[in-house]
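In what follows, a single structure is set out as C-alpha cells and then discussed.
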Amino acid sequence: MNWLGLDHIQLAIPVGAEDLCRAFYGTILGWKEVSKPESLTGRGGVWFSTDSFQVHFGVEKDFQPAKKAHPAFLLKDLDHLAKELANHDIAVQWDDKLEGYNRFFAHDCFGNRLEFMQKTGT
C-alpha cells in the first residue's frame, strides 16, 4: 500500500451546534470554514480547513464528547496558542511525557479532547 496522507478527520458535535463550532474553531483557532459539497449540506455540521489539514464536524443525535480519543495538531508556536486559549478562558493541560515534543491538551466547547503539539528545537 502507498499511503499518500490524511485527507481529513471528523469530530462529532451536537445537533444545532454549528455556530458554537464556528466560534471555537473559526474565531478562536482561526481555521477557515469551507463549503460542504451540496450533496452533504442537508446533514448539518460544518467543515474547516487550514494550510495543512481539514476537519469535518458532523452532528450526532446522541452526542457524547470524545474524552480519551483525540486528534493531535502540530504547530510552530504552541505558546501563542496556549495564550490565545487562555484569553478565551479555555484551560490547557500541559504534558511533558512525550519525548521530542512540547504539548498540551484542551477541550473544545463541546468537551471533545484535543492535543496540540510542537516539536522541540523548532
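Simple scheme: letters A, B, ... for chains in C-alpha cells order, numbers from 1 for residues in each chain, numbers from 1 for ligands in the order shown.
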
Nearby residues (only C-alpha atoms) at most 8 Å from region 76-93 of chain A, same-chain spacing under 3 positions excluded, as a compact mmCIF listing (two decimals) with C-alpha atoms, in the first residue's frame:
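Output file selection-v7.txt follows:
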```
# COMPACT_ATOMS: atom_id res chain seq x y z
CA ILE A 28 -10.52 31.23 18.39
CA LEU A 29 -8.34 28.79 16.43
CA ASN A 102 6.06 20.21 23.92
CA ARG A 103 2.34 19.63 24.11
CA PHE A 104 -0.88 20.30 25.91
CA PHE A 105 -4.42 19.04 25.92
CA ALA A 106 -7.56 21.16 25.86
CA HIS A 107 -11.25 20.57 25.32
CA PHE A 116 -1.73 20.48 20.43
CA MET A 117 1.96 19.77 19.85
CA GLN A 118 5.21 21.45 18.88
CA LYS A 119 8.43 19.61 18.11
CA THR A 122 11.71 24.28 16.29
```

Enumerate as an MDAnalysis selection string all residues of region 4-121 of chain A assigned to alpha helix (DSSP H) by DSSP on the backbone, naming them with the chain letters and numbers the document uses.
chainID A and resid 18:21 78:87

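If only C-alpha atoms are the atoms counted, then among A:Val34, A:Ala72, A:Ala66, A:Val55 the closest residue to Ile9 (chain A) is A:Val55.
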